[in-house]
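Below is run.json, holding JSON, C-alpha atoms.
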```json
[["chain", "number", "residue", "atom", "x", "y", "z"],
["A", 1, "MET", "CA", 179.91, -78.93, -111.00],
["A", 2, "SER", "CA", 179.60, -77.19, -107.66],
["A", 3, "ILE", "CA", 180.46, -77.78, -104.04],
["A", 4, "ILE", "CA", 178.05, -78.63, -101.17],
["A", 5, "ILE", "CA", 174.79, -78.05, -103.11],
["A", 6, "ASP", "CA", 173.53, -78.85, -106.61],
["A", 7, "ASN", "CA", 170.29, -79.23, -108.57],
["A", 8, "ARG", "CA", 169.33, -82.32, -106.51],
["A", 9, "THR", "CA", 169.45, -80.52, -103.15],
["A", 10, "MET", "CA", 166.13, -80.57, -101.29],
["A", 11, "VAL", "CA", 165.66, -77.76, -98.78],
["A", 12, "VAL", "CA", 163.57, -77.41, -95.63],
["A", 13, "ILE", "CA", 162.97, -73.85, -94.38],
["A", 14, "GLN", "CA", 163.06, -73.47, -90.57],
["A", 15, "GLY", "CA", 160.99, -70.42, -89.66],
["A", 16, "ILE", "CA", 159.07, -70.49, -92.94],
["A", 17, "THR", "CA", 156.02, -68.64, -91.59],
["A", 18, "GLY", "CA", 157.97, -65.60, -90.33],
["A", 19, "ASN", "CA", 158.31, -62.53, -92.56],
["A", 20, "GLU", "CA", 161.93, -63.24, -93.53],
["A", 21, "GLY", "CA", 161.26, -66.93, -94.00],
["A", 22, "MET", "CA", 158.22, -66.36, -96.20],
["A", 23, "PHE", "CA", 159.87, -63.72, -98.39],
["A", 24, "HIS", "CA", 163.07, -65.61, -99.04],
["A", 25, "THR", "CA", 161.27, -68.93, -99.52],
["A", 26, "ARG", "CA", 159.42, -67.32, -102.44],
["A", 27, "GLN", "CA", 162.70, -65.92, -103.80],
["A", 28, "MET", "CA", 164.42, -69.30, -103.57],
["A", 29, "LYS", "CA", 161.51, -71.07, -105.28],
["A", 30, "GLU", "CA", 161.50, -68.50, -108.07],
["A", 31, "TYR", "CA", 165.23, -69.12, -108.56],
["A", 32, "GLY", "CA", 164.57, -72.82, -108.97],
["A", 33, "THR", "CA", 165.63, -74.17, -105.58],
["A", 34, "LYS", "CA", 163.78, -77.34, -104.62],
["A", 35, "VAL", "CA", 162.06, -76.19, -101.40],
["A", 36, "ALA", "CA", 160.59, -79.42, -100.08],
["A", 37, "ALA", "CA", 159.09, -78.39, -96.73],
["A", 38, "GLY", "CA", 158.85, -75.77, -94.04],
["A", 39, "VAL", "CA", 158.98, -75.93, -90.24],
["A", 40, "THR", "CA", 157.34, -73.72, -87.63],
["A", 41, "PRO", "CA", 156.46, -75.30, -84.25],
["A", 42, "GLY", "CA", 152.70, -75.18, -83.70],
["A", 43, "LYS", "CA", 151.88, -74.46, -87.34],
["A", 44, "GLY", "CA", 152.20, -77.96, -88.74],
["A", 45, "GLY", "CA", 149.51, -78.93, -91.24],
["A", 46, "GLN", "CA", 149.48, -75.56, -92.99],
["A", 47, "GLU", "CA", 150.79, -74.84, -96.49],
["A", 48, "LEU", "CA", 152.75, -71.87, -97.76],
["A", 49, "GLU", "CA", 153.25, -71.43, -101.52],
["A", 50, "SER", "CA", 152.07, -75.06, -101.82],
["A", 51, "ILE", "CA", 154.91, -76.07, -99.46],
["A", 52, "PRO", "CA", 153.80, -78.26, -96.53],
["A", 53, "VAL", "CA", 154.60, -76.92, -93.06],
["A", 54, "PHE", "CA", 155.59, -79.28, -90.22],
["A", 55, "ASN", "CA", 156.03, -78.87, -86.48],
["A", 56, "THR", "CA", 159.51, -80.44, -86.40],
["A", 57, "VAL", "CA", 162.45, -80.86, -88.77],
["A", 58, "LYS", "CA", 162.35, -84.61, -88.13],
["A", 59, "ASP", "CA", 158.78, -84.78, -89.46],
["A", 60, "ALA", "CA", 159.68, -82.55, -92.44],
["A", 61, "VAL", "CA", 162.65, -84.73, -93.39],
["A", 62, "ALA", "CA", 160.65, -87.93, -93.02],
["A", 63, "ALA", "CA", 157.91, -86.62, -95.31],
["A", 64, "SER", "CA", 160.00, -84.82, -97.92],
["A", 65, "GLY", "CA", 163.48, -86.33, -97.96],
["A", 66, "ALA", "CA", 165.05, -82.88, -97.51],
["A", 67, "ASP", "CA", 168.83, -82.93, -97.04],
["A", 68, "ALA", "CA", 169.52, -79.21, -96.52],
["A", 69, "SER", "CA", 168.09, -76.57, -94.22],
["A", 70, "ALA", "CA", 167.80, -72.79, -94.28],
["A", 71, "ILE", "CA", 167.30, -71.22, -90.85],
["A", 72, "PHE", "CA", 165.29, -68.00, -90.52],
["A", 73, "VAL", "CA", 164.71, -68.29, -86.77],
["A", 74, "PRO", "CA", 165.08, -65.41, -84.23],
["A", 75, "PRO", "CA", 168.46, -65.32, -82.42],
["A", 76, "PRO", "CA", 167.32, -66.70, -79.03],
["A", 77, "TYR", "CA", 166.02, -69.87, -80.69],
["A", 78, "ALA", "CA", 168.41, -70.25, -83.63],
["A", 79, "ALA", "CA", 171.00, -72.41, -81.87],
["A", 80, "ASP", "CA", 168.28, -74.91, -80.93],
["A", 81, "ALA", "CA", 167.10, -74.83, -84.56],
["A", 82, "ILE", "CA", 170.60, -75.81, -85.72],
["A", 83, "LEU", "CA", 170.73, -78.67, -83.22],
["A", 84, "GLU", "CA", 167.29, -79.88, -84.31],
["A", 85, "ALA", "CA", 168.40, -79.96, -87.94],
["A", 86, "VAL", "CA", 171.53, -81.94, -87.02],
["A", 87, "GLU", "CA", 169.45, -84.44, -85.05],
["A", 88, "ALA", "CA", 167.06, -84.82, -88.00],
["A", 89, "GLY", "CA", 169.93, -85.92, -90.25],
["A", 90, "ILE", "CA", 170.25, -82.78, -92.37],
["A", 91, "SER", "CA", 173.64, -82.76, -94.11],
["A", 92, "THR", "CA", 173.88, -79.05, -94.99],
["A", 93, "ILE", "CA", 172.61, -76.31, -92.67],
["A", 94, "VAL", "CA", 172.63, -72.68, -93.77],
["A", 95, "CYS", "CA", 171.98, -70.33, -90.84],
["A", 96, "LEU", "CA", 170.99, -66.82, -91.93],
["A", 97, "THR", "CA", 170.20, -65.57, -88.40],
["A", 98, "GLU", "CA", 172.32, -62.68, -87.13],
["A", 99, "GLY", "CA", 172.97, -62.07, -83.43],
["A", 100, "ILE", "CA", 173.01, -65.61, -82.00],
["A", 101, "PRO", "CA", 174.72, -65.43, -78.57],
["A", 102, "THR", "CA", 178.35, -66.53, -78.84],
["A", 103, "LEU", "CA", 178.04, -68.99, -75.94],
["A", 104, "ASP", "CA", 175.12, -70.67, -77.74],
["A", 105, "MET", "CA", 177.28, -71.13, -80.83],
["A", 106, "ILE", "CA", 180.16, -72.55, -78.79],
["A", 107, "LEU", "CA", 177.78, -75.24, -77.54],
["A", 108, "VAL", "CA", 176.54, -75.86, -81.09],
["A", 109, "LYS", "CA", 180.08, -76.24, -82.42],
["A", 110, "ARG", "CA", 180.95, -78.66, -79.63],
["A", 111, "TYR", "CA", 177.81, -80.72, -80.31],
["A", 112, "MET", "CA", 178.45, -80.83, -84.06],
["A", 113, "LYS", "CA", 181.98, -82.17, -83.68],
["A", 114, "ASP", "CA", 182.26, -85.49, -85.53],
["A", 115, "LYS", "CA", 178.68, -85.19, -86.88],
["A", 116, "ASN", "CA", 178.07, -85.67, -90.62],
["A", 117, "THR", "CA", 176.61, -82.20, -91.03],
["A", 118, "VAL", "CA", 178.17, -79.00, -92.34],
["A", 119, "LEU", "CA", 177.08, -75.61, -91.06],
["A", 120, "ILE", "CA", 177.32, -72.41, -93.13],
["A", 121, "GLY", "CA", 177.03, -69.30, -90.95],
["A", 122, "PRO", "CA", 175.41, -68.07, -88.81],
["A", 123, "ASN", "CA", 175.03, -64.46, -89.95],
["A", 124, "SER", "CA", 175.55, -65.71, -93.51],
["A", 125, "PRO", "CA", 173.88, -64.54, -96.74],
["A", 126, "GLY", "CA", 173.90, -68.19, -97.79],
["A", 127, "ILE", "CA", 175.25, -70.31, -100.62],
["A", 128, "ILE", "CA", 174.44, -70.34, -104.32],
["A", 129, "SER", "CA", 175.47, -72.59, -107.16],
["A", 130, "PRO", "CA", 174.29, -70.48, -110.10],
["A", 131, "GLY", "CA", 171.66, -72.14, -112.24],
["A", 132, "LYS", "CA", 171.31, -75.05, -109.80],
["A", 133, "CYS", "CA", 170.37, -74.04, -106.28],
["A", 134, "LYS", "CA", 170.24, -71.01, -104.01],
["A", 135, "ILE", "CA", 169.90, -71.29, -100.21],
["A", 136, "GLY", "CA", 169.93, -67.81, -98.77],
["A", 137, "VAL", "CA", 169.17, -64.19, -99.43],
["A", 138, "MET", "CA", 171.53, -63.27, -102.25],
["A", 139, "ALA", "CA", 170.16, -61.76, -105.48],
["A", 140, "GLY", "CA", 170.13, -64.71, -107.85],
["A", 141, "TYR", "CA", 169.89, -62.66, -111.06],
["A", 142, "ILE", "CA", 173.42, -61.20, -110.77],
["A", 143, "HIS", "CA", 175.00, -64.65, -110.75],
["A", 144, "LYS", "CA", 176.13, -66.63, -113.79],
["A", 145, "GLU", "CA", 177.08, -70.28, -114.16],
["A", 146, "GLY", "CA", 180.82, -70.76, -114.46],
["A", 147, "ARG", "CA", 184.12, -71.90, -112.98],
["A", 148, "VAL", "CA", 185.17, -69.38, -110.32],
["A", 149, "GLY", "CA", 184.51, -70.14, -106.65],
["A", 150, "ILE", "CA", 183.90, -67.34, -104.15],
["A", 151, "ILE", "CA", 184.28, -67.48, -100.34],
["A", 152, "SER", "CA", 183.51, -64.41, -98.29],
["A", 153, "ARG", "CA", 182.92, -63.01, -94.81],
["A", 154, "SER", "CA", 181.07, -60.04, -96.34],
["A", 155, "GLY", "CA", 177.71, -60.39, -98.07],
["A", 156, "THR", "CA", 177.83, -56.94, -99.67],
["A", 157, "LEU", "CA", 181.32, -57.39, -101.07],
["A", 158, "THR", "CA", 180.32, -60.79, -102.40],
["A", 159, "TYR", "CA", 177.54, -59.18, -104.44],
["A", 160, "GLU", "CA", 179.99, -56.58, -105.73],
["A", 161, "VAL", "CA", 182.49, -59.22, -106.84],
["A", 162, "VAL", "CA", 179.81, -61.42, -108.41],
["A", 163, "HIS", "CA", 178.43, -58.42, -110.30],
["A", 164, "GLN", "CA", 181.90, -57.53, -111.61],
["A", 165, "LEU", "CA", 182.59, -61.10, -112.72],
["A", 166, "SER", "CA", 179.20, -61.67, -114.36],
["A", 167, "LYS", "CA", 179.48, -58.36, -116.26],
["A", 168, "GLN", "CA", 182.74, -59.64, -117.74],
["A", 169, "GLY", "CA", 181.13, -62.95, -118.68],
["A", 170, "ILE", "CA", 182.89, -64.84, -115.89],
["A", 171, "GLY", "CA", 180.57, -67.30, -114.15],
["A", 172, "GLN", "CA", 180.77, -68.77, -110.69],
["A", 173, "SER", "CA", 180.79, -72.44, -109.65],
["A", 174, "THR", "CA", 179.64, -71.79, -106.06],
["A", 175, "CYS", "CA", 179.51, -68.62, -103.93],
["A", 176, "ILE", "CA", 179.48, -68.95, -100.14],
["A", 177, "GLY", "CA", 179.13, -66.40, -97.38],
["A", 178, "ILE", "CA", 180.73, -68.00, -94.32],
["A", 179, "GLY", "CA", 179.30, -65.38, -91.94],
["A", 180, "GLY", "CA", 180.78, -62.53, -89.97],
["A", 181, "ASP", "CA", 180.40, -63.87, -86.44],
["A", 182, "PRO", "CA", 183.28, -65.01, -84.18],
["A", 183, "VAL", "CA", 182.00, -68.62, -84.03],
["A", 184, "ILE", "CA", 180.94, -70.07, -87.39],
["A", 185, "GLY", "CA", 180.66, -73.42, -89.12],
["A", 186, "LEU", "CA", 182.67, -73.92, -92.31],
["A", 187, "LYS", "CA", 185.80, -71.75, -92.54],
["A", 188, "TYR", "CA", 188.01, -70.67, -95.42],
["A", 189, "VAL", "CA", 190.28, -73.69, -95.07],
["A", 190, "ASP", "CA", 187.39, -76.17, -95.31],
["A", 191, "LEU", "CA", 186.06, -74.50, -98.46],
["A", 192, "LEU", "CA", 189.45, -74.03, -100.10],
["A", 193, "ARG", "CA", 189.94, -77.78, -99.80],
["A", 194, "MET", "CA", 186.55, -78.41, -101.47],
["A", 195, "PHE", "CA", 187.23, -75.97, -104.30],
["A", 196, "GLU", "CA", 190.72, -77.41, -104.86],
["A", 197, "GLU", "CA", 189.12, -80.85, -105.29],
["A", 198, "ASP", "CA", 186.29, -79.57, -107.52],
["A", 199, "THR", "CA", 187.26, -80.37, -111.11],
["A", 200, "GLU", "CA", 185.02, -77.62, -112.49],
["A", 201, "THR", "CA", 186.41, -74.76, -110.44],
["A", 202, "ASP", "CA", 189.44, -73.10, -112.06],
["A", 203, "ALA", "CA", 190.14, -70.21, -109.69],
["A", 204, "ILE", "CA", 188.94, -68.92, -106.33],
["A", 205, "VAL", "CA", 188.24, -65.49, -104.86],
["A", 206, "LEU", "CA", 188.58, -65.02, -101.10],
["A", 207, "ILE", "CA", 187.07, -61.92, -99.52],
["A", 208, "GLY", "CA", 188.36, -61.42, -96.01],
["A", 209, "GLU", "CA", 188.26, -58.73, -93.39],
["A", 210, "ILE", "CA", 189.94, -57.64, -90.18],
["A", 211, "GLY", "CA", 189.71, -59.68, -87.00],
["A", 212, "GLY", "CA", 190.51, -63.26, -86.11],
["A", 213, "SER", "CA", 193.06, -65.46, -87.89],
["A", 214, "ALA", "CA", 190.96, -67.26, -90.52],
["A", 215, "GLU", "CA", 192.72, -65.51, -93.42],
["A", 216, "GLU", "CA", 196.14, -66.39, -92.01],
["A", 217, "ASP", "CA", 195.03, -70.03, -91.68],
["A", 218, "ALA", "CA", 193.88, -69.91, -95.31],
["A", 219, "ALA", "CA", 197.28, -68.57, -96.39],
["A", 220, "LEU", "CA", 199.07, -71.45, -94.68],
["A", 221, "TYR", "CA", 196.70, -74.00, -96.25],
["A", 222, "PHE", "CA", 197.13, -72.44, -99.71],
["A", 223, "GLN", "CA", 200.89, -72.55, -99.43],
["A", 224, "GLN", "CA", 200.94, -76.20, -98.39],
["A", 225, "TYR", "CA", 198.18, -77.79, -100.45],
["A", 226, "MET", "CA", 196.76, -75.71, -103.31],
["A", 227, "LYS", "CA", 197.58, -75.46, -106.98],
["A", 228, "LYS", "CA", 194.64, -73.38, -108.21],
["A", 229, "PRO", "CA", 195.07, -69.57, -108.29],
["A", 230, "LEU", "CA", 193.58, -67.67, -105.35],
["A", 231, "VAL", "CA", 192.72, -63.96, -105.54],
["A", 232, "ALA", "CA", 192.11, -62.23, -102.19],
["A", 233, "PHE", "CA", 190.84, -58.90, -100.92],
["A", 234, "ILE", "CA", 190.95, -57.84, -97.23],
["A", 235, "ALA", "CA", 188.42, -55.24, -96.10],
["A", 236, "GLY", "CA", 189.04, -52.88, -93.19],
["A", 237, "VAL", "CA", 192.50, -51.47, -94.00],
["A", 238, "THR", "CA", 191.64, -48.13, -92.35],
["A", 239, "ALA", "CA", 189.73, -49.58, -89.38],
["A", 240, "PRO", "CA", 190.95, -48.23, -86.00],
["A", 241, "PRO", "CA", 192.11, -50.90, -83.48],
["A", 242, "GLY", "CA", 189.56, -51.93, -80.86],
["A", 243, "ARG", "CA", 186.49, -50.78, -82.77],
["A", 244, "ARG", "CA", 184.02, -53.30, -84.19],
["A", 245, "MET", "CA", 183.44, -52.77, -87.89],
["A", 246, "GLY", "CA", 180.06, -54.16, -88.84],
["A", 247, "HIS", "CA", 180.57, -57.84, -88.10],
["A", 248, "ALA", "CA", 180.92, -59.30, -84.63],
["A", 249, "GLY", "CA", 184.12, -61.01, -85.71],
["A", 250, "ALA", "CA", 185.63, -57.94, -87.37],
["A", 251, "ILE", "CA", 187.58, -56.36, -84.55],
["A", 252, "VAL", "CA", 191.32, -55.75, -84.27],
["A", 253, "ASP", "CA", 192.91, -56.56, -80.92],
["A", 254, "GLY", "CA", 196.35, -54.96, -80.82],
["A", 255, "MET", "CA", 198.32, -56.21, -83.84],
["A", 256, "ALA", "CA", 196.30, -59.44, -84.10],
["A", 257, "GLY", "CA", 193.85, -59.48, -86.97],
["A", 258, "ASN", "CA", 194.84, -56.20, -88.59],
["A", 259, "ALA", "CA", 194.55, -55.83, -92.33],
["A", 260, "ALA", "CA", 198.22, -55.07, -93.06],
["A", 261, "LEU", "CA", 199.39, -58.25, -91.32],
["A", 262, "LYS", "CA", 196.77, -60.34, -93.10],
["A", 263, "ILE", "CA", 197.71, -58.91, -96.51],
["A", 264, "LYS", "CA", 201.42, -59.55, -95.93],
["A", 265, "THR", "CA", 200.73, -63.14, -94.81],
["A", 266, "LEU", "CA", 198.60, -63.82, -97.88],
["A", 267, "GLU", "CA", 201.13, -62.23, -100.23],
["A", 268, "ASP", "CA", 204.01, -64.18, -98.68],
["A", 269, "ALA", "CA", 202.04, -67.39, -99.33],
["A", 270, "GLY", "CA", 201.78, -66.58, -103.05],
["A", 271, "ILE", "CA", 198.16, -65.44, -103.08],
["A", 272, "ILE", "CA", 197.23, -62.66, -105.51],
["A", 273, "ILE", "CA", 196.18, -59.60, -103.47],
["A", 274, "VAL", "CA", 193.78, -56.95, -104.77],
["A", 275, "LYS", "CA", 193.88, -53.72, -102.76],
["A", 276, "ASN", "CA", 190.93, -51.97, -104.43],
["A", 277, "PRO", "CA", 187.68, -53.98, -104.53],
["A", 278, "SER", "CA", 186.68, -52.34, -107.82],
["A", 279, "GLU", "CA", 189.59, -54.20, -109.49],
["A", 280, "ILE", "CA", 188.75, -57.74, -108.38],
["A", 281, "GLY", "CA", 186.84, -58.65, -111.54],
["A", 282, "GLN", "CA", 189.62, -57.33, -113.76],
["A", 283, "VAL", "CA", 192.30, -59.22, -111.84],
["A", 284, "VAL", "CA", 190.33, -62.49, -111.93],
["A", 285, "ASN", "CA", 189.88, -62.02, -115.68],
["A", 286, "SER", "CA", 193.65, -61.66, -116.09],
["A", 287, "VAL", "CA", 194.24, -64.79, -114.03],
["A", 288, "LEU", "CA", 191.83, -66.82, -116.19],
["A", 289, "ILE", "CA", 193.44, -65.54, -119.41],
["A", 290, "ARG", "CA", 196.84, -66.67, -118.15],
["A", 291, "LEU", "CA", 195.41, -70.07, -117.17],
["A", 292, "ASN", "CA", 193.95, -70.60, -120.65],
["A", 293, "SER", "CA", 196.95, -69.33, -122.63]]
```
Once you've parsed the file, please lay out its structure as structure tokens.
Amino acid sequence: MSIIIDNRTMVVIQGITGNEGMFHTRQMKEYGTKVAAGVTPGKGGQELESIPVFNTVKDAVAASGADASAIFVPPPYAADAILEAVEAGISTIVCLTEGIPTLDMILVKRYMKDKNTVLIGPNSPGIISPGKCKIGVMAGYIHKEGRVGIISRSGTLTYEVVHQLSKQGIGQSTCIGIGGDPVIGLKYVDLLRMFEEDTETDAIVLIGEIGGSAEEDAALYFQQYMKKPLVAFIAGVTAPPGRRMGHAGAIVDGMAGNAALKIKTLEDAGIIIVKNPSEIGQVVNSVLIRLNS
């Protein structure tokens, strides 16, 4: 089992004729993702890799029955692309675009309130349910089907953790990069709830970083509602206050959002903390052994 996507998910690619869109569409098809259609305004009627291209998401959904979208649209137009997908009835939107203006995303979030659509990202590497579906840019070959869920703000660290787990024979149920921007769609708490309810996920890995309060919110949710083990790593322990570290959302303002405070909050909630990312696979393995003993 997996969360959000599975082997029935039908994907429309917004921005399919751009370089990024074309390359990753081929990668997703090779992985086995059901790519049903593409969208580029003004290029409707064309085909790419035998995939029909439409001028609008509405037309693409009507013709193909797609229920998920991957957005490879330049930042100035990406917020409108999200809104178009929502209006077309897409239930899962994965926005890969980095650098969407924050005010644009505030408007998107306000518009999406109470809509039956979930947004992953923006500035996300995507979501993968190994062996079933990949929507995004992650390297499919390092993943393995299994029962550990992964939620992360860092694409690179996600690959590292997945590689460690797969090398030890530990598969993943679903891996999700929530994105490193200040305003995003699904957050840790939303996904922890889904993994807790997923009967085929046994344990969860959370990869956090400095900035914001999403990890603290996750700690509170874990303490109140979760029974499955949660292993967490917080990146940015040595980051100086006030300096942005890679992601737009990874900035420490005074004491708020610093790594030490996040780690203490997570530990106090009963979450298993890993301080060296090279040890995450080993720690998850130990947790699974204890679960099965």
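Each of A:Ala78, A:Ile3, A:Gly212, A:His163 was checked against Val108 in chain A using all atoms listed in the file; the smallest atom-to-atom distance is that of A:Ala78.
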Open item on the list: Around (166.9, -78.4, -105.2), as given in the file, which residues come within 9 Å? Count all atoms listed in the file and list them as a PyMOL selection string.
Closed with: chain A and resi 5-11+32-36+132-134
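Separating CA of Leu186 in chain A from CA of Ile51 in chain A is a distance of 28.7 Å.
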Listing only residues of range 102-158 of chain A within 12 Å of range 218-239 of chain A, what is the closest atom pair and its distance in Å (to one decimal) for each, using all atoms listed in the file, sorted by chain and residue number ascending, as CSV?
```
residue,atom,partner,partner_atom,distance
A:Arg147,CA,A:Lys228,CA,11.6
A:Val148,CA,A:Leu230,CA,9.9
A:Gly149,CA,A:Leu230,CA,9.5
A:Ile150,CA,A:Val231,CA,9.5
A:Ile151,CA,A:Ala232,CA,9.6
A:Ser152,CA,A:Phe233,CA,9.5
A:Arg153,CA,A:Ala235,CA,9.6
A:Ser154,CA,A:Ala235,CA,8.8
A:Thr156,CA,A:Ala235,CA,11.3
A:Leu157,CA,A:Ala235,CA,8.9
A:Thr158,CA,A:Phe233,CA,10.8
```
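For the choices A:Glu145, A:Glu98, A:Asp67, A:Glu84, the atom-to-atom distance to Ile4 in chain A is smallest for A:Asp67 when using all atoms listed in the file.
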TODO: For Ile135 in chain A, work out the shell of residues within 8 Å, counting only C-alpha atoms and skipping chain neighbours fewer than 4 positions away, then give it as a PyMOL selection string.
DONE: chain A and resi 11+28+33+70+94+126-128
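Using all atoms listed in the file, every residue with an atom at most 12 Å from the point (150.5, -81.7, -86.5) is listed here: Val39, Thr40, Pro41, Gly42, Lys43, Gly44, Gly45, Gln46, Pro52, Val53, Phe54, Asn55, Thr56, Asp59 and Ala60 of chain A.
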Selected residues written out with C-alpha atoms, as a CSV table (one decimal), in the coordinates of the input:
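Here's the written file part-v9.csv:
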```csv
chain,number,residue,atom,x,y,z
A,39,VAL,CA,159.0,-75.9,-90.2
A,40,THR,CA,157.3,-73.7,-87.6
A,41,PRO,CA,156.5,-75.3,-84.2
A,42,GLY,CA,152.7,-75.2,-83.7
A,43,LYS,CA,151.9,-74.5,-87.3
A,44,GLY,CA,152.2,-78.0,-88.7
A,45,GLY,CA,149.5,-78.9,-91.2
A,46,GLN,CA,149.5,-75.6,-93.0
A,52,PRO,CA,153.8,-78.3,-96.5
A,53,VAL,CA,154.6,-76.9,-93.1
A,54,PHE,CA,155.6,-79.3,-90.2
A,55,ASN,CA,156.0,-78.9,-86.5
A,56,THR,CA,159.5,-80.4,-86.4
A,59,ASP,CA,158.8,-84.8,-89.5
A,60,ALA,CA,159.7,-82.6,-92.4
```
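A straight line drawn from CA of Gly180 in chain A to CA of Leu119 in chain A is 13.6 Å long.
Residues in contact with Thr117 in chain A at up to 9 Å, not including ones fewer than 5 positions away on its chain and judged by only C-alpha atoms, are Val86, Gly89, Ile90, Ser91, Thr92, Ile93 and Met112 of chain A.
Each of A:Ile100, A:Leu261, A:Met138, A:Ile184 was checked against Ile210 in chain A using only C-alpha atoms; the smallest atom-to-atom distance is that of A:Leu261.
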TODO: Do a neighbour search on Thr102 in chain A at 8 Å with only C-alpha atoms, toss out local chain neighbours closer than 4 positions, and write the hits as a ChimeraX atom specification.
DONE: /A:106,182-183
TODO: Rounded to one decimal place, report the CA of Ile120 in chain A-CA of Ile71 in chain A distance in Å.
DONE: 10.3 Å
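Nearest-residue note for Glu20 in chain A: choosing from A:Leu165, A:Ile271, A:Ala68, A:Val73, the minimum distance belongs to A:Val73, counting all atoms listed in the file.
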- [ ] Name all residues at most 8 Å from Leu83 in chain A (count all atoms listed in the file; drop same-chain ones fewer than 4 positions away) and give them as a VMD selection string.
- [x] chain A and resid 79 87 108 111
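Among the candidates A:Asp202, A:Asp181, A:Asp190, A:Glu47, the one nearest to Met105 in chain A when counting only C-alpha atoms is A:Asp181.
Closest to Ser213 in chain A among A:Ala85, A:Val137, A:Ile263, A:Val12 is A:Ile263, based on only C-alpha atoms.
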